[in-house]
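Q: What follows is my_file.txt, made up of compact mmCIF, C-alpha atoms and all ligand atoms:
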# COMPACT_ATOMS: atom_id res chain seq x y z
CA MET C 1 0.00 0.00 0.00
CA PRO C 2 1.49 3.42 -0.91
CA SER C 3 1.97 5.89 1.93
CA ILE C 4 -0.76 8.46 2.56
CA SER C 5 0.23 11.84 1.13
CA ASP C 6 -0.35 15.21 2.78
CA LEU C 7 -2.94 15.94 0.09
CA VAL C 8 -4.93 12.79 0.85
CA ARG C 9 -4.80 13.54 4.58
CA ALA C 10 -5.95 17.12 3.95
CA LEU C 11 -8.83 16.30 1.60
CA PRO C 12 -12.22 16.17 3.30
CA LYS C 13 -13.39 12.71 2.22
CA VAL C 14 -17.12 12.03 1.86
CA GLN C 15 -17.73 8.30 2.29
CA LEU C 16 -20.51 6.76 0.22
CA HIS C 17 -19.67 3.06 0.25
CA CYS C 18 -18.79 1.71 3.65
CA HIS C 19 -20.67 -1.06 5.47
CA LEU C 20 -20.98 -0.47 9.22
CA GLU C 21 -20.64 -4.19 10.01
CA GLY C 22 -17.66 -4.36 7.65
CA SER C 23 -15.90 -1.78 9.77
CA MET C 24 -16.08 -3.95 12.91
CA GLN C 25 -12.65 -4.34 14.44
CA ALA C 26 -11.46 -7.96 14.63
CA ALA C 27 -10.90 -7.50 18.37
CA THR C 28 -14.53 -6.38 18.77
CA PHE C 29 -15.73 -9.47 16.87
CA ARG C 30 -13.73 -11.68 19.21
CA ARG C 31 -14.85 -9.83 22.34
CA LEU C 32 -18.52 -10.21 21.38
CA ALA C 33 -18.08 -13.85 20.29
CA ALA C 34 -16.56 -14.63 23.72
CA GLN C 35 -19.22 -12.61 25.55
CA TYR C 36 -22.09 -14.49 23.88
CA GLY C 37 -20.40 -17.90 23.64
CA VAL C 38 -20.56 -17.86 19.81
CA GLU C 39 -18.39 -20.68 18.51
CA SER C 40 -16.55 -19.64 15.37
CA VAL C 41 -13.29 -20.65 13.74
CA ARG C 42 -12.84 -16.90 13.22
CA ALA C 43 -12.62 -16.38 16.96
CA ILE C 44 -9.50 -18.55 17.29
CA GLY C 45 -5.98 -18.33 15.85
CA PRO C 46 -4.15 -15.14 14.90
CA LEU C 47 -6.19 -11.94 15.20
CA GLU C 48 -5.23 -10.83 11.68
CA ALA C 49 -6.79 -14.02 10.25
CA THR C 50 -10.21 -13.25 11.81
CA TYR C 51 -11.78 -12.14 8.54
CA ALA C 52 -9.75 -14.31 6.13
CA PHE C 53 -11.57 -15.37 2.96
CA ALA C 54 -10.62 -16.99 -0.34
CA ASP C 55 -13.30 -15.69 -2.68
CA PHE C 56 -16.41 -13.51 -2.85
CA GLY C 57 -18.69 -16.27 -1.51
CA GLU C 58 -16.47 -16.78 1.52
CA PHE C 59 -16.31 -13.05 2.05
CA LEU C 60 -20.13 -12.90 2.25
CA LEU C 61 -20.05 -15.70 4.85
CA ALA C 62 -17.43 -13.80 6.87
CA PHE C 63 -19.63 -10.69 6.77
CA ALA C 64 -22.61 -12.73 7.98
CA GLU C 65 -20.45 -14.20 10.75
CA ALA C 66 -19.65 -10.69 11.97
CA CYS C 67 -23.37 -9.90 12.15
CA ARG C 68 -23.91 -13.08 14.19
CA VAL C 69 -22.12 -11.64 17.22
CA LEU C 70 -24.22 -8.45 17.28
CA ARG C 71 -27.00 -8.92 19.83
CA GLY C 72 -27.92 -6.08 22.15
CA PRO C 73 -28.27 -2.38 21.30
CA GLU C 74 -24.92 -1.66 22.99
CA ASP C 75 -23.17 -3.92 20.43
CA TYR C 76 -24.59 -1.87 17.57
CA ALA C 77 -23.73 1.36 19.39
CA SER C 78 -20.19 0.07 19.89
CA ILE C 79 -19.49 -0.52 16.18
CA ALA C 80 -21.09 2.82 15.26
CA ARG C 81 -18.90 4.60 17.83
CA ASP C 82 -15.76 2.88 16.53
CA TYR C 83 -16.66 3.72 12.94
CA ALA C 84 -17.26 7.41 13.74
CA ARG C 85 -14.08 7.77 15.80
CA ASP C 86 -11.99 6.20 13.07
CA ALA C 87 -13.66 8.35 10.38
CA ALA C 88 -12.95 11.48 12.45
CA THR C 89 -9.22 10.67 12.37
CA ARG C 90 -9.40 10.36 8.56
CA ASN C 91 -10.97 13.73 7.87
CA VAL C 92 -14.41 12.41 6.94
CA PRO C 93 -16.96 15.22 7.50
CA TYR C 94 -19.96 13.39 6.03
CA ALA C 95 -20.82 9.78 5.23
CA GLU C 96 -23.64 7.57 4.02
CA VAL C 97 -23.05 4.20 5.63
CA PHE C 98 -24.74 0.88 4.86
CA ILE C 99 -26.44 -1.22 7.52
CA SER C 100 -27.84 -4.72 6.84
CA PRO C 101 -30.79 -5.28 9.18
CA SER C 102 -31.98 -8.38 7.32
CA VAL C 103 -28.66 -10.12 8.11
CA TRP C 104 -28.89 -9.04 11.74
CA SER C 105 -32.36 -10.49 12.16
CA TYR C 106 -31.50 -13.65 10.20
CA PHE C 107 -29.39 -14.64 13.20
CA HIS C 108 -31.58 -13.06 15.87
CA ARG C 109 -35.25 -13.43 14.97
CA ASP C 110 -36.42 -11.53 18.03
CA LEU C 111 -34.12 -8.55 17.39
CA ASP C 112 -35.83 -5.18 17.62
CA VAL C 113 -34.28 -3.55 14.54
CA ARG C 114 -35.58 -0.12 15.50
CA GLU C 115 -33.95 -0.38 18.92
CA ALA C 116 -30.65 -1.36 17.28
CA VAL C 117 -30.83 1.57 14.85
CA GLU C 118 -31.77 3.95 17.68
CA ALA C 119 -28.60 2.81 19.48
CA ILE C 120 -26.55 3.39 16.32
CA ARG C 121 -28.07 6.84 15.84
CA ALA C 122 -27.47 7.84 19.49
CA ALA C 123 -23.81 6.75 19.26
CA LEU C 124 -23.33 8.61 15.96
CA GLU C 125 -24.88 11.80 17.35
CA THR C 126 -22.70 11.63 20.47
CA GLU C 127 -19.60 11.31 18.29
CA ARG C 128 -20.80 14.08 16.01
CA ALA C 129 -21.08 16.43 18.99
CA ARG C 130 -17.43 15.61 19.67
CA GLY C 131 -16.35 16.56 16.16
CA GLY C 132 -17.14 13.27 14.42
CA PRO C 133 -18.73 12.98 10.97
CA GLU C 134 -22.36 13.55 10.05
CA VAL C 135 -23.59 10.08 9.14
CA SER C 136 -26.71 9.06 7.22
CA LEU C 137 -27.70 5.41 6.92
CA ILE C 138 -28.66 3.28 3.93
CA CYS C 139 -30.49 -0.01 4.60
CA ASP C 140 -29.13 -2.78 2.45
CA LEU C 141 -31.76 -5.25 1.16
CA THR C 142 -29.52 -8.31 1.13
CA ARG C 143 -30.18 -10.18 -2.12
CA ASN C 144 -29.71 -13.68 -0.69
CA PHE C 145 -32.94 -13.52 1.33
CA GLY C 146 -35.07 -13.04 -1.79
CA PRO C 147 -37.61 -10.43 -2.96
CA GLU C 148 -40.19 -10.89 -0.19
CA ARG C 149 -37.70 -10.30 2.56
CA ALA C 150 -36.30 -7.37 0.57
CA MET C 151 -39.76 -5.81 0.58
CA GLU C 152 -39.98 -6.31 4.35
CA THR C 153 -36.62 -4.59 4.78
CA ALA C 154 -37.73 -1.75 2.49
CA ARG C 155 -40.76 -1.28 4.76
CA ILE C 156 -38.50 -1.22 7.81
CA ALA C 157 -36.25 1.33 6.07
CA VAL C 158 -39.26 3.60 5.45
CA GLN C 159 -40.32 3.26 9.12
CA LEU C 160 -36.79 4.11 10.28
CA ALA C 161 -36.73 7.15 8.00
CA THR C 162 -40.13 8.27 9.27
CA ALA C 163 -38.84 7.87 12.84
CA ARG C 164 -36.07 10.33 11.95
CA LEU C 165 -33.27 7.89 12.59
CA GLY C 166 -31.21 9.19 9.70
CA VAL C 167 -32.06 6.51 7.13
CA VAL C 168 -31.97 8.15 3.70
CA GLY C 169 -32.09 5.22 1.33
CA ILE C 170 -31.97 1.55 0.47
CA GLY C 171 -29.20 -0.46 -1.16
CA LEU C 172 -28.79 -3.93 -2.62
CA GLY C 173 -25.83 -6.12 -1.65
CA GLY C 174 -25.15 -9.84 -1.40
CA ASP C 175 -24.85 -12.47 -4.12
CA GLU C 176 -25.24 -10.61 -7.41
CA THR C 177 -24.69 -13.67 -9.62
CA LYS C 178 -27.64 -15.67 -8.24
CA TYR C 179 -29.97 -12.77 -7.52
CA PRO C 180 -30.22 -10.25 -10.39
CA PRO C 181 -31.54 -6.72 -9.78
CA GLU C 182 -34.85 -7.32 -11.55
CA LEU C 183 -36.06 -9.48 -8.63
CA TYR C 184 -36.10 -6.43 -6.38
CA ALA C 185 -38.02 -4.02 -8.62
CA GLY C 186 -41.03 -4.03 -6.26
CA ALA C 187 -39.02 -3.24 -3.13
CA PHE C 188 -37.18 -0.43 -4.90
CA ALA C 189 -40.39 1.06 -6.31
CA TYR C 190 -41.94 0.99 -2.83
CA ALA C 191 -38.94 2.68 -1.20
CA ARG C 192 -38.74 5.31 -3.93
CA ALA C 193 -42.47 6.06 -3.68
CA ASN C 194 -41.91 6.62 0.05
CA GLY C 195 -39.18 9.17 -0.46
CA LEU C 196 -36.06 7.04 -0.04
CA HIS C 197 -33.00 7.21 -2.26
CA CYS C 198 -32.02 4.04 -4.11
CA VAL C 199 -28.54 2.63 -4.70
CA ALA C 200 -27.40 -0.87 -5.67
CA HIS C 201 -24.25 -2.94 -5.83
CA ALA C 202 -23.86 -4.08 -9.45
CA GLY C 203 -21.11 -4.88 -11.91
CA GLU C 204 -19.06 -6.39 -9.10
CA ALA C 205 -19.59 -10.18 -9.18
CA ALA C 206 -21.77 -9.98 -12.33
CA GLY C 207 -21.26 -8.19 -15.63
CA PRO C 208 -22.66 -5.11 -17.41
CA GLU C 209 -26.17 -6.59 -17.69
CA SER C 210 -26.44 -6.32 -13.91
CA VAL C 211 -25.50 -2.61 -13.99
CA ARG C 212 -28.09 -2.09 -16.70
CA GLY C 213 -30.76 -3.80 -14.59
CA ALA C 214 -29.82 -1.63 -11.61
CA ILE C 215 -30.11 1.65 -13.49
CA ASP C 216 -33.02 0.81 -15.80
CA VAL C 217 -35.22 -1.39 -13.58
CA LEU C 218 -34.29 -0.37 -10.03
CA LEU C 219 -33.58 3.23 -11.09
CA ALA C 220 -30.53 3.16 -8.83
CA GLU C 221 -29.09 6.65 -8.35
CA ARG C 222 -25.60 5.34 -7.66
CA ILE C 223 -23.92 2.03 -8.37
CA GLY C 224 -21.80 0.20 -5.81
CA HIS C 225 -18.58 -0.74 -7.64
CA GLY C 226 -19.92 -1.00 -11.20
CA VAL C 227 -16.39 -1.74 -12.38
CA ARG C 228 -17.48 -4.44 -14.82
CA ALA C 229 -19.40 -1.79 -16.77
CA VAL C 230 -16.10 -1.40 -18.67
CA GLU C 231 -16.98 -4.59 -20.54
CA ASP C 232 -19.71 -2.65 -22.39
CA PRO C 233 -18.54 0.63 -23.97
CA ALA C 234 -22.12 1.77 -24.68
CA LEU C 235 -22.98 1.36 -21.00
CA VAL C 236 -19.90 3.37 -19.98
CA THR C 237 -21.01 6.18 -22.31
CA GLU C 238 -24.50 6.06 -20.83
CA LEU C 239 -23.25 6.13 -17.20
CA ALA C 240 -21.20 9.21 -18.06
CA ALA C 241 -24.05 10.93 -19.92
CA ARG C 242 -26.59 10.23 -17.16
CA ARG C 243 -24.03 11.17 -14.49
CA ILE C 244 -24.68 7.99 -12.50
CA PRO C 245 -21.84 7.73 -9.98
CA LEU C 246 -19.84 4.57 -9.39
CA GLU C 247 -18.68 3.95 -5.81
CA ILE C 248 -15.30 2.39 -6.41
CA CYS C 249 -13.40 0.43 -3.77
CA PRO C 250 -10.17 -0.79 -5.43
CA THR C 251 -8.80 -3.02 -2.66
CA SER C 252 -12.17 -4.72 -2.25
CA ASN C 253 -12.33 -5.23 -6.03
CA ALA C 254 -8.90 -6.87 -6.09
CA LEU C 255 -9.65 -9.15 -3.13
CA THR C 256 -13.10 -10.27 -4.29
CA GLY C 257 -12.01 -10.65 -7.91
CA ALA C 258 -14.32 -7.91 -9.24
CA ALA C 259 -11.29 -6.32 -10.92
CA PRO C 260 -8.07 -8.00 -12.06
CA ARG C 261 -5.32 -8.05 -9.42
CA SER C 262 -2.68 -7.50 -12.06
CA GLY C 263 -3.05 -4.78 -14.68
CA PRO C 264 -4.74 -1.42 -14.34
CA HIS C 265 -7.94 -1.07 -12.32
CA PRO C 266 -10.91 -0.04 -14.54
CA ILE C 267 -11.22 3.28 -12.65
CA ALA C 268 -8.69 4.87 -15.02
CA GLU C 269 -10.78 3.96 -18.07
CA LEU C 270 -14.08 4.88 -16.41
CA ASP C 271 -12.76 8.25 -15.23
CA ALA C 272 -11.26 9.00 -18.64
CA ALA C 273 -14.65 8.25 -20.22
CA GLY C 274 -16.26 10.89 -17.99
CA VAL C 275 -17.98 8.56 -15.51
CA LEU C 276 -18.42 10.15 -12.07
CA CYS C 277 -16.20 7.98 -9.87
CA VAL C 278 -16.01 8.18 -6.07
CA LEU C 279 -13.73 6.23 -3.73
CA ASP C 280 -14.35 4.27 -0.56
CA ALA C 281 -13.16 1.26 1.42
CA ASP C 282 -16.30 -0.99 1.34
CA ASP C 283 -15.59 -3.24 4.36
CA PRO C 284 -12.38 -1.68 5.69
CA THR C 285 -11.51 -4.13 8.47
CA PHE C 286 -12.25 -7.15 6.28
CA PHE C 287 -10.10 -5.84 3.47
CA GLY C 288 -7.37 -4.40 5.70
CA THR C 289 -7.78 -0.91 4.28
CA SER C 290 -9.30 2.51 4.97
CA VAL C 291 -10.71 5.38 2.97
CA ASP C 292 -7.33 7.15 3.26
CA GLU C 293 -5.49 4.15 1.91
CA GLU C 294 -7.89 3.79 -1.01
CA TYR C 295 -7.29 7.45 -1.92
CA ALA C 296 -3.53 6.88 -1.56
CA LEU C 297 -3.67 3.83 -3.82
CA VAL C 298 -5.58 5.67 -6.52
CA GLU C 299 -3.31 8.72 -6.17
CA SER C 300 -0.36 6.41 -6.88
CA TRP C 301 -2.09 5.32 -10.12
CA LEU C 302 -3.74 8.50 -11.37
CA GLY C 303 -2.13 11.41 -9.50
CA PRO C 304 -3.27 14.19 -7.16
CA GLU C 305 -5.67 15.91 -9.57
CA ALA C 306 -7.67 12.72 -10.00
CA VAL C 307 -8.12 12.08 -6.28
CA THR C 308 -9.10 15.70 -5.76
CA ARG C 309 -11.70 15.26 -8.51
CA PHE C 310 -12.98 12.06 -6.86
CA ALA C 311 -13.30 13.88 -3.52
CA ARG C 312 -15.41 16.56 -5.26
CA ASN C 313 -17.44 13.91 -7.06
CA ALA C 314 -18.27 12.31 -3.70
CA ILE C 315 -19.77 15.57 -2.44
CA ASP C 316 -21.85 15.92 -5.61
CA ALA C 317 -22.90 12.25 -5.58
CA SER C 318 -24.03 12.32 -1.94
CA PHE C 319 -27.63 12.66 -0.84
CA ALA C 320 -26.80 15.68 1.32
CA HIS C 321 -28.96 18.78 0.89
CA ALA C 322 -27.71 21.47 -1.49
CA GLU C 323 -26.58 23.74 1.36
CA ARG C 324 -24.61 20.96 2.99
CA LYS C 325 -22.98 20.13 -0.34
CA ASN C 326 -21.97 23.77 -0.77
CA ALA C 327 -20.46 23.77 2.72
CA LEU C 328 -18.53 20.59 1.93
CA HIS C 329 -17.17 22.14 -1.28
CA VAL C 330 -16.09 25.21 0.72
CA LEU C 331 -14.31 22.90 3.17
CA LEU C 332 -12.56 21.13 0.30
CA ASP C 333 -11.54 24.43 -1.34
CA ALA C 334 -10.12 25.65 1.97
CA ALA C 335 -8.13 22.43 2.41
CA LEU C 336 -6.70 22.77 -1.11
CA ALA C 337 -5.81 26.45 -0.56
CA GLN C 338 -4.05 25.52 2.66
CA GLN C 339 -2.21 22.72 0.86
CA ARG C 340 -1.03 25.11 -1.85
CA ALA C 341 0.05 27.71 0.72
CA GLY C 342 1.88 25.03 2.71
CA GLY C 343 3.50 23.70 -0.45
CA SER C 344 4.70 27.13 -1.61
CA ALA C 345 5.92 27.96 1.92
CA ALA C 346 7.89 24.72 1.94
CA THR C 347 9.52 25.44 -1.43
CA SER C 348 10.23 29.17 -0.83
ZN ZN C 401 -20.28 -2.97 -0.58
Write the structure described by the file as structure tokens, please.
A:
Amino acid sequence: MPSISDLVRALPKVQLHCHLEGSMQAATFRRLAAQYGVESVRAIGPLEATYAFADFGEFLLAFAEACRVLRGPEDYASIARDYARDAATRNVPYAEVFISPSVWSYFHRDLDVREAVEAIRAALETERARGGPEVSLICDLTRNFGPERAMETARIAVQLATARLGVVGIGLGGDETKYPPELYAGAFAYARANGLHCVAHAGEAAGPESVRGAIDVLLAERIGHGVRAVEDPALVTELAARRIPLEICPTSNALTGAAPRSGPHPIAELDAAGVLCVLDADDPTFFGTSVDEEYALVESWLGPEAVTRFARNAIDASFAHAERKNALHVLLDAALAQQRAGGSAATS
């Protein structure tokens, strides 16, 4: 991993593709597993091997395993607190973070999802008062549970939004190869009709047809990853023309096989074609990365101007209100001005 430059540290980084459960520290997973007597091979052996996986399917199982140790509201509050404190150290002023309530309640049928999200919200607001990021939540309708369960989760998302718990949208993660976007058209239409934003993972484990389904059938406003759109030049042109952002997470893509490990990552081609690309870390503790490191990696490929552009894109691609976006752009401009002043002072 390249070192993190002063520019990357200074840039205010809006996060649009980070899963709260995927930011759980390995030590937290082990503490909760011990506390609740959850037997797991991931709770033994070296700490750094806690989230080891060989392929995308195994990664999804590891993610589910992490959700298995979340039980009481304090557990949810704990991972939200850790996320916000870490984000604060990385100059993240604003974030839209995924939560996966259908995976939580798969393991704990009697879980009160609203109580868990209230605990998350309380922890996030406490951290915000201490200088942490402003965080909105996006409820992921995990594909693997099928369309009916997705509709139930969409209903829960609407209730959470109505209860003013900071839920602004729904997303679609899980096994993209077995569960194409079209299956979830009803859940997405329902959420949209009830005022929620819609995003979807696509073009990660499956090809361009999945991205097309996400934008044409689900009317997704942003695509999670979307890197395999490069296989269809007409689709790339359309993504650029319609200004549909791709949330790109290069380390995740390399580790899950969504993008080739050797050879250039598709972000260069997508960016050059005018597609609005933004950067994030996906599941940072699972992939051993962070939003800073993802920016640093892409800066090593494409240079400082590109990462500055991606930081701006993230502000534009967010679901923040216009005033908040303006304030975030002002913050970014100030950081760049300070960088330039610091740079010229250092060379004079
Ligand atoms: Zn993701």
Q: Please write out the residues within 7 Å of ligand ZN 401 (chain C) as a PyMOL selection string, counting only C-alpha atoms and all ligand atoms.
A: chain C and resi 17-19+173+201+224+282-283
Q: List as JSON, numbers by chain: which residues have an atom within 8 Å of (-29.6, -1.2, 7.3), counting all atoms listed in the file?
A: {"C": [98, 99, 100, 101, 102, 137, 138, 139, 140, 141, 157, 170]}
Q: Which residues are near Cys277 (chain C)? Cut-off 7 Å, all atoms listed in the file, ignore same chain within fewer than 3 positions. Put them as a PyMOL selection string.
A: chain C and resi 245-248+271+310+313
Q: Would you compute the distance between CA of Glu65 (chain C) and CA of Arg42 (chain C)? Give it in Å to one decimal.
A: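 CA of Arg42 (chain C) lies 8.4 Å from CA of Glu65 (chain C).
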Q: In Å, with one decimal, what is the gap from CA of Arg192 (chain C) to CA of Trp104 (chain C)?
A: 23.4 Å
Q: Using all atoms listed in the file, find all polymer residues with an atom at most 10 Å away from the point (-22.2, 15.2, -6.7); report them as a list in words.
A: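 Collected hits near the coordinates: Arg243, Ile244, Pro245, Leu276, Cys277, Val278, Phe310, Ala311, Arg312, Asn313, Ala314, Ile315, Asp316, Ala317, Ser318, Phe319, Ala320, Ala322 and Lys325 of chain C.
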Q: Figure out the distance between CA of Ser290 (chain C) and CA of Asn144 (chain C), please, to one decimal in Å.
A: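 Those two atoms sit 26.7 Å apart.
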Q: Taking into account all atoms listed in the file, which residue in the set C:Gly45, C:Arg114, C:Thr28, C:Ala95 is nearest to Leu165 (chain C)?
A: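 Going through C:Gly45, C:Arg114, C:Thr28, C:Ala95 one by one, the smallest distance to Leu165 (chain C) is for C:Arg114.
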Q: Pick from C:Ile223, C:Cys198, C:Gly203, C:Gly274: nearest to Val236 (chain C), with all atoms listed in the file counted?
A: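 Of all the options, C:Gly274 lies closest to Val236 (chain C).
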